[in-house]
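Content type mmCIF, C-alpha atoms, from the file protein.cif:
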data_my_file
loop_
_atom_site.group_PDB
_atom_site.id
_atom_site.type_symbol
_atom_site.label_atom_id
_atom_site.label_comp_id
_atom_site.auth_asym_id
_atom_site.auth_seq_id
_atom_site.Cartn_x
_atom_site.Cartn_y
_atom_site.Cartn_z
ATOM 1 C CA MET A 1 -30.291 -29.061 -8.344
ATOM 2 C CA GLU A 2 -27.702 -30.590 -6.057
ATOM 3 C CA ASN A 3 -26.492 -28.657 -3.057
ATOM 4 C CA TYR A 4 -22.879 -28.135 -2.079
ATOM 5 C CA PHE A 5 -22.374 -31.228 0.041
ATOM 6 C CA GLU A 6 -24.075 -33.527 -2.453
ATOM 7 C CA LEU A 7 -21.825 -32.246 -5.231
ATOM 8 C CA LEU A 8 -18.807 -32.603 -2.974
ATOM 9 C CA ARG A 9 -19.734 -36.203 -2.222
ATOM 10 C CA ARG A 10 -20.220 -37.087 -5.882
ATOM 11 C CA HIS A 11 -17.374 -35.171 -7.492
ATOM 12 C CA GLY A 12 -15.017 -34.204 -4.682
ATOM 13 C CA LEU A 13 -12.526 -37.028 -5.192
ATOM 14 C CA THR A 14 -12.294 -36.473 -8.946
ATOM 15 C CA LEU A 15 -11.882 -32.728 -8.496
ATOM 16 C CA TRP A 16 -9.197 -33.272 -5.873
ATOM 17 C CA LEU A 17 -7.237 -35.738 -8.008
ATOM 18 C CA GLY A 18 -7.631 -33.492 -11.034
ATOM 19 C CA ASN A 19 -6.187 -30.574 -9.112
ATOM 20 C CA ILE A 20 -3.222 -32.638 -7.926
ATOM 21 C CA VAL A 21 -2.420 -34.312 -11.242
ATOM 22 C CA GLY A 22 -3.065 -31.235 -13.367
ATOM 23 C CA SER A 23 -0.972 -28.902 -11.250
ATOM 24 C CA LEU A 24 1.864 -31.449 -11.108
ATOM 25 C CA VAL A 25 1.933 -31.885 -14.885
ATOM 26 C CA ALA A 26 1.731 -28.138 -15.445
ATOM 27 C CA GLY A 27 4.425 -27.536 -12.831
ATOM 28 C CA VAL A 28 6.812 -29.977 -14.507
ATOM 29 C CA ILE A 29 6.219 -28.393 -17.917
ATOM 30 C CA PHE A 30 6.727 -24.919 -16.457
ATOM 31 C CA ALA A 31 9.981 -26.011 -14.793
ATOM 32 C CA VAL A 32 11.257 -27.510 -18.056
ATOM 33 C CA MET A 33 10.319 -24.352 -19.965
ATOM 34 C CA THR A 34 12.120 -22.216 -17.382
ATOM 35 C CA ILE A 35 15.274 -24.339 -17.626
ATOM 36 C CA ILE A 36 15.219 -24.213 -21.432
ATOM 37 C CA ILE A 37 14.757 -20.436 -21.433
ATOM 38 C CA ALA A 38 17.580 -20.037 -18.902
ATOM 39 C CA LEU A 39 19.933 -22.287 -20.902
ATOM 40 C CA ILE A 40 19.207 -20.450 -24.142
ATOM 41 C CA GLY A 41 19.794 -17.120 -22.429
ATOM 42 C CA LEU A 42 23.040 -18.343 -20.868
ATOM 43 C CA LEU A 43 24.257 -19.687 -24.215
ATOM 44 C CA LEU A 44 23.538 -16.382 -25.930
ATOM 45 C CA LEU A 45 25.388 -14.477 -23.205
ATOM 46 C CA VAL A 46 28.410 -16.757 -23.553
ATOM 47 C CA LEU A 47 28.434 -16.333 -27.331
ATOM 48 C CA ILE A 48 28.093 -12.563 -27.064
ATOM 49 C CA ALA A 49 30.826 -12.277 -24.437
ATOM 50 C CA GLY A 50 33.111 -14.672 -26.315
ATOM 51 C CA GLY A 51 32.689 -12.779 -29.558
ATOM 52 C CA MET A 52 33.466 -9.480 -27.869
ATOM 53 C CA ILE A 53 36.563 -10.843 -26.159
ATOM 54 C CA GLY A 54 37.792 -12.219 -29.472
ATOM 55 C CA SER A 55 37.240 -8.912 -31.248
ATOM 56 C CA ILE A 56 38.951 -6.898 -28.521
ATOM 57 C CA MET A 57 41.948 -9.064 -27.649
ATOM 58 C CA ASP A 58 45.026 -8.726 -29.887
ATOM 59 C CA PRO A 59 47.669 -11.292 -28.842
ATOM 60 C CA PHE A 60 50.374 -9.534 -30.904
ATOM 61 C CA ASN A 61 49.792 -6.134 -29.300
ATOM 62 C CA PRO A 62 51.311 -5.802 -25.796
ATOM 63 C CA GLU A 63 49.272 -2.642 -25.231
ATOM 64 C CA SER A 64 46.008 -4.428 -25.898
ATOM 65 C CA PRO A 65 43.474 -3.676 -23.116
ATOM 66 C CA ASP A 66 42.400 -6.281 -20.640
ATOM 67 C CA PRO A 67 39.949 -8.349 -22.709
ATOM 68 C CA PHE A 68 37.633 -9.210 -19.850
ATOM 69 C CA ALA A 69 37.329 -5.640 -18.589
ATOM 70 C CA ALA A 70 36.736 -4.345 -22.092
ATOM 71 C CA ALA A 71 34.209 -7.082 -22.777
ATOM 72 C CA MET A 72 32.332 -6.216 -19.607
ATOM 73 C CA ASP A 73 32.107 -2.591 -20.710
ATOM 74 C CA LYS A 74 30.800 -3.465 -24.149
ATOM 75 C CA ALA A 75 28.599 -6.339 -23.052
ATOM 76 C CA ALA A 76 26.625 -4.356 -20.476
ATOM 77 C CA VAL A 77 23.840 -3.371 -22.873
ATOM 78 C CA PRO A 78 23.519 -6.804 -24.558
ATOM 79 C CA VAL A 79 23.447 -8.457 -21.135
ATOM 80 C CA LEU A 80 20.669 -6.154 -19.964
ATOM 81 C CA ILE A 81 18.737 -6.817 -23.161
ATOM 82 C CA GLY A 82 19.233 -10.550 -22.657
ATOM 83 C CA LEU A 83 18.000 -10.356 -19.076
ATOM 84 C CA LEU A 84 14.983 -8.355 -20.221
ATOM 85 C CA ILE A 85 14.131 -10.925 -22.887
ATOM 86 C CA PHE A 86 14.573 -13.744 -20.363
ATOM 87 C CA SER A 87 12.292 -11.959 -17.897
ATOM 88 C CA ILE A 88 9.611 -11.469 -20.549
ATOM 89 C CA PHE A 89 9.665 -15.135 -21.552
ATOM 90 C CA PHE A 90 9.698 -16.237 -17.907
ATOM 91 C CA ILE A 91 6.709 -14.035 -17.064
ATOM 92 C CA LEU A 92 4.877 -15.318 -20.146
ATOM 93 C CA ALA A 93 5.594 -18.919 -19.149
ATOM 94 C CA PHE A 94 4.437 -18.234 -15.593
ATOM 95 C CA PHE A 95 1.145 -16.670 -16.675
ATOM 96 C CA LEU A 96 0.515 -19.531 -19.102
ATOM 97 C CA TYR A 97 1.170 -22.021 -16.304
ATOM 98 C CA SER A 98 -1.094 -20.125 -13.924
ATOM 99 C CA GLY A 99 -3.722 -19.628 -16.621
ATOM 100 C CA PHE A 100 -3.755 -23.319 -17.514
ATOM 101 C CA THR A 101 -4.057 -24.558 -13.930
ATOM 102 C CA SER A 102 -6.722 -21.986 -13.083
ATOM 103 C CA ALA A 103 -8.682 -22.670 -16.269
ATOM 104 C CA GLY A 104 -8.440 -26.421 -15.774
ATOM 105 C CA MET A 105 -9.625 -26.362 -12.180
ATOM 106 C CA ASN A 106 -12.371 -23.810 -12.793
ATOM 107 C CA SER A 107 -13.585 -25.836 -15.775
ATOM 108 C CA MET A 108 -13.723 -29.071 -13.787
ATOM 109 C CA VAL A 109 -15.753 -27.441 -11.030
ATOM 110 C CA ASN A 110 -17.940 -25.687 -13.595
ATOM 111 C CA HIS A 111 -18.835 -28.991 -15.268
ATOM 112 C CA ALA A 112 -19.495 -30.612 -11.893
ATOM 113 C CA VAL A 113 -21.836 -27.829 -10.772
ATOM 114 C CA PHE A 114 -23.658 -27.052 -14.021
ATOM 115 C CA GLU A 115 -23.560 -30.426 -15.800
ATOM 116 C CA ASP A 116 -23.120 -32.874 -12.907
ATOM 117 C CA ARG A 117 -20.077 -34.536 -14.452
ATOM 118 C CA SER A 118 -16.371 -34.451 -13.797
ATOM 119 C CA SER A 119 -13.255 -36.114 -15.190
ATOM 120 C CA LEU A 120 -9.530 -35.568 -15.452
ATOM 121 C CA GLN A 121 -9.950 -35.078 -19.190
ATOM 122 C CA ILE A 122 -11.943 -31.907 -18.570
ATOM 123 C CA TYR A 123 -9.022 -30.399 -16.663
ATOM 124 C CA PHE A 124 -6.637 -30.734 -19.600
ATOM 125 C CA THR A 125 -8.971 -30.126 -22.540
ATOM 126 C CA GLN A 126 -10.742 -27.138 -21.025
ATOM 127 C CA GLY A 127 -7.549 -25.931 -19.395
ATOM 128 C CA LEU A 128 -5.945 -25.669 -22.822
ATOM 129 C CA ARG A 129 -9.106 -24.137 -24.256
ATOM 130 C CA PHE A 130 -9.296 -21.299 -21.736
ATOM 131 C CA MET A 131 -5.570 -21.026 -20.952
ATOM 132 C CA TRP A 132 -4.838 -17.918 -22.997
ATOM 133 C CA LYS A 133 -7.950 -16.053 -21.891
ATOM 134 C CA MET A 134 -7.379 -16.963 -18.254
ATOM 135 C CA ALA A 135 -3.725 -15.927 -18.470
ATOM 136 C CA GLY A 136 -4.739 -12.627 -20.048
ATOM 137 C CA GLN A 137 -7.332 -12.036 -17.371
ATOM 138 C CA GLN A 138 -4.858 -12.774 -14.599
ATOM 139 C CA PHE A 139 -2.389 -10.320 -16.124
ATOM 140 C CA LEU A 140 -5.043 -7.599 -16.255
ATOM 141 C CA LEU A 141 -6.078 -8.302 -12.674
ATOM 142 C CA PHE A 142 -2.427 -8.075 -11.657
ATOM 143 C CA LEU A 143 -2.320 -4.587 -13.162
ATOM 144 C CA PHE A 144 -5.350 -3.602 -11.089
ATOM 145 C CA PHE A 145 -3.525 -4.736 -7.943
ATOM 146 C CA ILE A 146 -0.373 -2.693 -8.652
ATOM 147 C CA PRO A 147 -1.505 0.252 -6.449
ATOM 148 C CA SER A 148 -1.924 -2.157 -3.530
ATOM 149 C CA ILE A 149 1.517 -3.637 -4.161
ATOM 150 C CA VAL A 150 3.071 -0.166 -4.276
ATOM 151 C CA LEU A 151 1.368 0.832 -1.025
ATOM 152 C CA PHE A 152 2.487 -2.377 0.671
ATOM 153 C CA ALA A 153 6.059 -1.797 -0.503
ATOM 154 C CA LEU A 154 5.952 1.816 0.674
ATOM 155 C CA GLY A 155 4.654 0.794 4.086
ATOM 156 C CA ILE A 156 7.326 -1.890 4.477
ATOM 157 C CA VAL A 157 10.098 0.532 3.489
ATOM 158 C CA ILE A 158 8.885 3.148 5.972
ATOM 159 C CA PHE A 159 8.511 0.491 8.673
ATOM 160 C CA ALA A 160 12.045 -0.814 8.033
ATOM 161 C CA ALA A 161 13.431 2.723 8.161
ATOM 162 C CA GLY A 162 11.647 3.295 11.448
ATOM 163 C CA LEU A 163 13.118 0.109 12.895
ATOM 164 C CA MET A 164 16.657 0.954 11.814
ATOM 165 C CA GLU A 165 16.448 4.505 13.126
ATOM 166 C CA GLY A 166 14.423 3.632 16.203
ATOM 167 C CA ASN A 167 11.863 6.233 15.159
ATOM 168 C CA GLU A 168 8.424 5.475 16.567
ATOM 169 C CA SER A 169 6.825 8.170 14.420
ATOM 170 C CA LEU A 170 7.928 6.397 11.239
ATOM 171 C CA LEU A 171 6.596 3.127 12.592
ATOM 172 C CA LEU A 172 3.204 4.726 13.126
ATOM 173 C CA VAL A 173 3.272 6.429 9.725
ATOM 174 C CA SER A 174 3.997 3.084 8.044
ATOM 175 C CA LEU A 175 0.691 1.740 9.330
ATOM 176 C CA LEU A 176 -1.290 4.114 7.100
ATOM 177 C CA PRO A 177 -0.141 2.796 3.684
ATOM 178 C CA LEU A 178 -0.268 -0.761 5.020
ATOM 179 C CA LEU A 179 -3.842 -0.272 6.220
ATOM 180 C CA VAL A 180 -4.934 1.387 2.974
ATOM 181 C CA ALA A 181 -3.235 -1.364 0.957
ATOM 182 C CA THR A 182 -4.974 -4.065 2.981
ATOM 183 C CA ILE A 183 -8.413 -2.488 2.545
ATOM 184 C CA LEU A 184 -7.822 -1.879 -1.163
ATOM 185 C CA THR A 185 -6.649 -5.469 -1.659
ATOM 186 C CA ILE A 186 -9.744 -6.876 0.042
ATOM 187 C CA VAL A 187 -12.066 -4.660 -1.999
ATOM 188 C CA LEU A 188 -10.368 -5.543 -5.292
ATOM 189 C CA ALA A 189 -10.384 -9.233 -4.397
ATOM 190 C CA LEU A 190 -14.149 -9.071 -3.868
ATOM 191 C CA VAL A 191 -14.716 -7.031 -7.028
ATOM 192 C CA PHE A 192 -12.857 -9.551 -9.193
ATOM 193 C CA LEU A 193 -13.759 -12.665 -7.201
ATOM 194 C CA HIS A 194 -16.093 -14.098 -9.833
ATOM 195 C CA ALA A 195 -14.178 -13.000 -12.941
ATOM 196 C CA PRO A 196 -12.530 -16.427 -13.506
ATOM 197 C CA VAL A 197 -15.815 -18.161 -12.698
ATOM 198 C CA ILE A 198 -17.756 -16.102 -15.233
ATOM 199 C CA LEU A 199 -15.018 -16.460 -17.854
ATOM 200 C CA VAL A 200 -15.400 -20.241 -17.788
ATOM 201 C CA ALA A 201 -19.066 -20.661 -16.874
ATOM 202 C CA GLU A 202 -20.361 -18.175 -19.448
ATOM 203 C CA ASN A 203 -17.574 -18.681 -22.012
ATOM 204 C CA THR A 204 -17.221 -14.936 -22.294
ATOM 205 C CA GLY A 205 -14.389 -12.528 -23.001
ATOM 206 C CA ILE A 206 -11.770 -11.299 -20.572
ATOM 207 C CA TRP A 207 -13.086 -7.780 -20.118
ATOM 208 C CA LYS A 208 -16.739 -8.826 -20.059
ATOM 209 C CA ALA A 209 -16.044 -11.359 -17.312
ATOM 210 C CA ILE A 210 -14.287 -8.676 -15.281
ATOM 211 C CA ALA A 211 -17.144 -6.227 -15.876
ATOM 212 C CA LEU A 212 -19.793 -8.776 -14.884
ATOM 213 C CA SER A 213 -17.851 -9.628 -11.738
ATOM 214 C CA GLY A 214 -17.778 -5.941 -10.874
ATOM 215 C CA ARG A 215 -21.510 -5.737 -11.535
ATOM 216 C CA LEU A 216 -22.111 -8.556 -9.067
ATOM 217 C CA PHE A 217 -20.063 -6.651 -6.493
ATOM 218 C CA THR A 218 -22.252 -3.566 -6.840
ATOM 219 C CA ARG A 219 -25.599 -5.335 -7.182
ATOM 220 C CA SER A 220 -25.127 -8.192 -4.706
ATOM 221 C CA PHE A 221 -22.436 -7.024 -2.329
ATOM 222 C CA GLY A 222 -23.764 -9.108 0.556
ATOM 223 C CA GLN A 223 -23.679 -12.355 -1.409
ATOM 224 C CA VAL A 224 -20.245 -11.584 -2.876
ATOM 225 C CA PHE A 225 -18.927 -10.709 0.569
ATOM 226 C CA LEU A 226 -20.335 -13.957 1.950
ATOM 227 C CA SER A 227 -18.563 -15.935 -0.784
ATOM 228 C CA GLY A 228 -15.335 -14.155 0.074
ATOM 229 C CA LEU A 229 -15.894 -14.848 3.762
ATOM 230 C CA ILE A 230 -16.383 -18.553 3.051
ATOM 231 C CA ILE A 231 -13.089 -18.610 1.136
ATOM 232 C CA PHE A 232 -11.342 -16.862 4.018
ATOM 233 C CA LEU A 233 -12.767 -19.191 6.670
ATOM 234 C CA ILE A 234 -11.859 -22.335 4.722
ATOM 235 C CA ASN A 235 -8.288 -21.143 4.204
ATOM 236 C CA PHE A 236 -8.052 -19.896 7.787
ATOM 237 C CA ALA A 237 -9.080 -23.315 9.089
ATOM 238 C CA TYR A 238 -6.534 -24.877 6.751
ATOM 239 C CA GLY A 239 -3.825 -22.595 8.120
ATOM 240 C CA LEU A 240 -4.669 -23.496 11.709
ATOM 241 C CA PHE A 241 -4.619 -27.177 10.842
ATOM 242 C CA LEU A 242 -1.186 -26.797 9.226
ATOM 243 C CA ILE A 243 0.133 -25.164 12.390
ATOM 244 C CA LEU A 244 -1.149 -28.061 14.488
ATOM 245 C CA LEU A 245 0.208 -30.557 11.979
ATOM 246 C CA SER A 246 3.637 -28.934 11.999
ATOM 247 C CA GLU A 247 3.690 -29.127 15.784
ATOM 248 C CA PHE A 248 2.826 -32.806 15.500
ATOM 249 C CA PHE A 249 5.801 -33.308 13.175
ATOM 250 C CA GLY A 250 8.012 -31.522 15.661
ATOM 251 C CA PHE A 251 8.843 -28.119 14.250
ATOM 252 C CA ASN A 252 7.595 -24.585 14.694
ATOM 253 C CA SER A 253 5.797 -23.085 11.690
ATOM 254 C CA PHE A 254 6.906 -19.601 12.730
ATOM 255 C CA ASP A 255 10.571 -20.603 12.996
ATOM 256 C CA PRO A 256 11.949 -21.797 9.629
ATOM 257 C CA ALA A 257 15.246 -22.726 11.278
ATOM 258 C CA SER A 258 13.504 -25.437 13.275
ATOM 259 C CA SER A 259 12.613 -27.329 10.095
ATOM 260 C CA ALA A 260 16.310 -27.685 9.282
ATOM 261 C CA GLU A 261 16.681 -29.942 12.309
ATOM 262 C CA LEU A 262 13.816 -32.165 11.189
ATOM 263 C CA ASN A 263 14.427 -35.549 9.625
ATOM 264 C CA PRO A 264 14.475 -35.164 5.791
ATOM 265 C CA GLY A 265 12.004 -38.007 5.474
ATOM 266 C CA LEU A 266 9.553 -36.266 7.786
ATOM 267 C CA GLN A 267 10.053 -33.001 5.914
ATOM 268 C CA PHE A 268 9.215 -34.728 2.648
ATOM 269 C CA LEU A 269 6.170 -36.416 4.175
ATOM 270 C CA PHE A 270 4.957 -33.124 5.621
ATOM 271 C CA SER A 271 5.403 -31.431 2.231
ATOM 272 C CA LEU A 272 3.362 -34.153 0.525
ATOM 273 C CA ILE A 273 0.579 -33.853 3.093
ATOM 274 C CA GLN A 274 0.615 -30.074 2.794
ATOM 275 C CA TYR A 275 0.418 -30.249 -1.003
ATOM 276 C CA ALA A 276 -2.436 -32.761 -0.955
ATOM 277 C CA LEU A 277 -4.374 -30.783 1.650
ATOM 278 C CA GLY A 278 -3.790 -27.557 -0.261
ATOM 279 C CA ALA A 279 -5.302 -29.123 -3.374
ATOM 280 C CA LEU A 280 -8.289 -30.289 -1.326
ATOM 281 C CA VAL A 281 -8.795 -26.839 0.178
ATOM 282 C CA ASN A 282 -8.807 -25.318 -3.311
ATOM 283 C CA VAL A 283 -11.575 -27.720 -4.273
ATOM 284 C CA LEU A 284 -13.602 -26.902 -1.156
ATOM 285 C CA TRP A 285 -13.665 -23.141 -1.603
ATOM 286 C CA LEU A 286 -13.890 -23.139 -5.401
ATOM 287 C CA LEU A 287 -16.845 -25.515 -5.338
ATOM 288 C CA ALA A 288 -18.560 -23.243 -2.809
ATOM 289 C CA VAL A 289 -17.991 -20.219 -5.053
ATOM 290 C CA PHE A 290 -19.388 -21.983 -8.121
ATOM 291 C CA VAL A 291 -22.444 -23.326 -6.297
ATOM 292 C CA ARG A 292 -23.202 -19.900 -4.866
ATOM 293 C CA TYR A 293 -22.674 -18.318 -8.277
ATOM 294 C CA ARG A 294 -25.103 -20.768 -9.874
ATOM 295 C CA ASN A 295 -27.759 -20.480 -7.193
ATOM 296 C CA ARG A 296 -27.464 -16.958 -5.829
ATOM 297 C CA LEU A 297 -25.519 -14.695 -8.158
ATOM 298 C CA ARG A 298 -26.066 -15.831 -11.725
ATOM 299 C CA PRO A 299 -29.810 -15.055 -11.517
ATOM 300 C CA ARG A 300 -28.826 -11.434 -10.801
ATOM 301 C CA LEU A 301 -26.868 -11.281 -14.060
ATOM 302 C CA PHE A 302 -29.270 -13.259 -16.242
ATOM 303 C CA PRO A 303 -32.730 -13.043 -14.627
ATOM 304 C CA ASP A 304 -34.566 -14.151 -17.778
ATOM 305 C CA GLU A 305 -32.696 -17.462 -17.788
ATOM 306 C CA ASN A 306 -33.404 -18.264 -14.143
ATOM 307 C CA SER A 307 -37.134 -18.152 -13.540
ATOM 308 C CA GLY A 308 -38.531 -20.026 -10.592
ATOM 309 C CA THR A 309 -36.738 -21.402 -7.578
ATOM 310 C CA ILE A 310 -32.984 -21.583 -7.841
ATOM 311 C CA GLY A 311 -30.851 -24.127 -6.103
ATOM 312 C CA GLY A 312 -31.314 -26.883 -3.599
ATOM 313 C CA MET A 313 -30.926 -26.327 0.128
ATOM 314 C CA LYS A 314 -31.223 -22.697 1.150
ATOM 315 C CA THR A 315 -27.947 -22.482 3.027
ATOM 316 C CA ILE A 316 -24.938 -20.209 2.771
ATOM 317 C CA TRP A 317 -23.363 -22.836 0.512
ATOM 318 C CA GLY A 318 -25.923 -22.417 -2.196
#

Written as structure tokens, how would this file's structure read?
Amino acid sequence: MENYFELLRRHGLTLWLGNIVGSLVAGVIFAVMTIIIALIGLLLLVLIAGGMIGSIMDPFNPESPDPFAAAMDKAAVPVLIGLLIFSIFFILAFFLYSGFTSAGMNSMVNHAVFEDRSSLQIYFTQGLRFMWKMAGQQFLLFLFFIPSIVLFALGIVIFAAGLMEGNESLLLVSLLPLLVATILTIVLALVFLHAPVILVAENTGIWKAIALSGRLFTRSFGQVFLSGLIIFLINFAYGLFLILLSEFFGFNSFDPASSAELNPGLQFLFSLIQYALGALVNVLWLLAVFVRYRNRLRPRLFPDENSGTIGGMKTIWG
């Protein structure tokens, strides 16, 4: 069985191009869907407001109330309902977009690792096949992360209050929820790290994939932690490279105002490079996760199907 670097050499370019093309196509479709939803919502609001103004305004009655003020009073509830419906459709569109891109990329890497083949067609066919399940899984995982989000928000609010009041005690207190949120986020990320991988590789259900990922966390914490560490190191190196690259282009990554002074052509070029490198980084860490799942972790879940020696080179990559 091929090791990480051999698979990267044979399928890396196809996986990289698939990630770029697939995410671009999905992004365009998502943008179009968002515009259509927004236009429909705006049209409905105009029709509702226009109908209310027409029903309220009486041109032959000098004591008729101000039509716009009256319409605003009566249209408050319909407007809120419209915004709620728009938000629901937008969230649905976003999760479908995210589910499709995640399913497509995971499927491409899965076929490269387990079947030694890769193509752009796999991204779209398998992305559509697993889109709904992946979107559902991502929504459930988002719910699991809500406590972390709440703790982060609480810590930021307390920290901001401490800054405004100049209260050092509040600043110190804010560190507690931020620290707890950080630890909880890391733990949850490791628990659910292999849920998308298992969903695609084993063609299983949403909850079962989540449960099996949690089982890997409890049974093989060291290997799961090492996979998470590899992801962190790859993205950390990517972040450092972006900082150096931004300095090369002549603006400070930590000062957004400096980019406004940059030539628009250079900004566009930097954005293209950043997008292409980001797609490559996704391939690098996702391939590592799949190879390690195949060689190190899957035998823990299905020992009867993995007798004998697993994997190629005995390295941290596989």

(Q) Using all atoms listed in the file, can you tell me which of A:Leu170, A:Leu199, A:Leu141, A:Val32 comes closest to Thr185 of chain A? (A)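 Closest to Thr185 of chain A, using all atoms listed in the file: A:Leu141.
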
Q: State, in Å with one decimal place, the distance from atom CA of Leu140 of chain A to atom CA of Phe89 of chain A.
A: 17.4 Å

Q.
I'd like the contact shell of Pro147 of chain A - 9 Å cut-off, only C-alpha atoms, skipping same-chain residues fewer than 4 positions apart - returned as a list of chain:residue names.
A.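 The filter keeps A:Leu143, A:Leu151, A:Phe152, A:Ala181, A:Leu184.
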
Q: Kindly give the distance, in Å, that separates atom CA of Gly104 of chain A and atom CA of Val291 of chain A, rounded to a single decimal.
A: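 Interatomic distance here is 17.2 Å.
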
Q: Could you state which residues are captured by the PyMOL selection byres ((chain A and resi 178) around 9) in this file, as a list in words?
A: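 Output from the PyMOL selection byres ((chain A and resi 178) around 9), applied to this file: Ser148, Leu151, Phe152, Ala153, Leu154, Gly155, Ile156, Ser174, Leu175, Leu176, Pro177, Leu179, Val180, Ala181, Thr182 and Ile183 of chain A.
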
Q. Interatomic distance between atom CA of Phe225 of chain A and atom CA of Trp285 of chain A?
A.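 Computing it gives 13.7 Å between the two atoms.
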
Mind dumping a table of every segment 166-246 of chain A residue within 10 Å of segment 267-283 of chain A, with the nearest atom pair and its distance in Å to one decimal, using only C-alpha atoms, sorted by chain and rising number, as JSON lines?
{"residue": "A:Ile231", "atom": "CA", "partner": "A:Asn282", "partner_atom": "CA", "distance": 9.1}
{"residue": "A:Ile234", "atom": "CA", "partner": "A:Val281", "partner_atom": "CA", "distance": 7.1}
{"residue": "A:Asn235", "atom": "CA", "partner": "A:Val281", "partner_atom": "CA", "distance": 7.0}
{"residue": "A:Ala237", "atom": "CA", "partner": "A:Val281", "partner_atom": "CA", "distance": 9.6}
{"residue": "A:Tyr238", "atom": "CA", "partner": "A:Val281", "partner_atom": "CA", "distance": 7.2}
{"residue": "A:Gly239", "atom": "CA", "partner": "A:Gly278", "partner_atom": "CA", "distance": 9.7}
{"residue": "A:Phe241", "atom": "CA", "partner": "A:Leu277", "partner_atom": "CA", "distance": 9.9}
{"residue": "A:Leu242", "atom": "CA", "partner": "A:Gln274", "partner_atom": "CA", "distance": 7.4}
{"residue": "A:Leu245", "atom": "CA", "partner": "A:Phe270", "partner_atom": "CA", "distance": 8.3}
{"residue": "A:Ser246", "atom": "CA", "partner": "A:Phe270", "partner_atom": "CA", "distance": 7.7}

Please provide as a short mmCIF file (atom, residue, chain, number, x, y, z; two decimals) with C-alpha atoms, in the coordinates of the input all residues within 9 Å of Lys133 of chain A, with the sequence filter that same-chain residues fewer than 3 positions apart are discarded (counting only C-alpha atoms).
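The result, stored in selection_7.cif:
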data_model
loop_
_atom_site.label_atom_id
_atom_site.label_comp_id
_atom_site.auth_asym_id
_atom_site.auth_seq_id
_atom_site.Cartn_x
_atom_site.Cartn_y
_atom_site.Cartn_z
CA GLY A 99 -3.72 -19.63 -16.62
CA ALA A 103 -8.68 -22.67 -16.27
CA ARG A 129 -9.11 -24.14 -24.26
CA PHE A 130 -9.30 -21.30 -21.74
CA GLY A 136 -4.74 -12.63 -20.05
CA GLN A 137 -7.33 -12.04 -17.37
CA GLN A 138 -4.86 -12.77 -14.60
CA LEU A 199 -15.02 -16.46 -17.85
CA GLY A 205 -14.39 -12.53 -23.00
CA ILE A 206 -11.77 -11.30 -20.57
#

**Q.** Proximity to Ile146 of chain A - best of A:Leu92, A:Leu240, A:Val25, A:Leu188, only C-alpha atoms
**A.**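 Answer, going by the shortest atom-to-atom distance: A:Leu188.
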
Q: Find, counting only C-alpha atoms, the residue in A:Met134, A:Val157, A:Leu44, A:Leu171 that gets nearest to Asn203 of chain A.
A: A:Met134

Q. Residues picked by the PyMOL selection byres ((chain A and resi 86) around 10) here, as JSON, numbers by chain?
A. {"A": [34, 37, 38, 40, 41, 42, 80, 81, 82, 83, 84, 85, 87, 88, 89, 90, 91, 92]}

Could those selected residues go to a file with C-alpha atoms, as a CSV table (one decimal), keeping the file's coordinate frame?
chain,number,residue,atom,x,y,z
A,34,THR,CA,12.1,-22.2,-17.4
A,37,ILE,CA,14.8,-20.4,-21.4
A,38,ALA,CA,17.6,-20.0,-18.9
A,40,ILE,CA,19.2,-20.4,-24.1
A,41,GLY,CA,19.8,-17.1,-22.4
A,42,LEU,CA,23.0,-18.3,-20.9
A,80,LEU,CA,20.7,-6.2,-20.0
A,81,ILE,CA,18.7,-6.8,-23.2
A,82,GLY,CA,19.2,-10.6,-22.7
A,83,LEU,CA,18.0,-10.4,-19.1
A,84,LEU,CA,15.0,-8.4,-20.2
A,85,ILE,CA,14.1,-10.9,-22.9
A,87,SER,CA,12.3,-12.0,-17.9
A,88,ILE,CA,9.6,-11.5,-20.5
A,89,PHE,CA,9.7,-15.1,-21.6
A,90,PHE,CA,9.7,-16.2,-17.9
A,91,ILE,CA,6.7,-14.0,-17.1
A,92,LEU,CA,4.9,-15.3,-20.1

**Q.** Proximity to Ile20 of chain A - best of A:Ala112, A:Leu120, A:Leu212, A:Leu8, all atoms listed in the file
**A.** A:Leu120

Q: Would you write out, as number ranges by chain, every residue that the PyMOL selection byres ((chain A and resi 7) around 10) captures in this file?
A: A: 1-6, 8-12, 109, 112-113, 116-117, 287-288, 291

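Among A:Ile29, A:Leu297, A:Leu172, A:Ile36, the residue with the shortest atom-to-atom distance to Phe221 of chain A, counting only C-alpha atoms, is A:Leu297.
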
Q. Near Val197 of chain A, within 8 Å and counting only C-alpha atoms, which residues show up once chain neighbours fewer than 2 positions away are dropped, as number ranges by chain?
A. A: 106, 110, 194-195, 199-201, 290

Using 6 Å of padding on each side, determine the axis-aligned box around all atoms of segment 165-175 of chain A present in the file and give its centre and edge lengths in Å to one decimal, as AutoDock Vina command-line options.
--center_x 8.6 --center_y 5.0 --center_z 12.3 --size_x 27.8 --size_y 18.4 --size_z 20.5
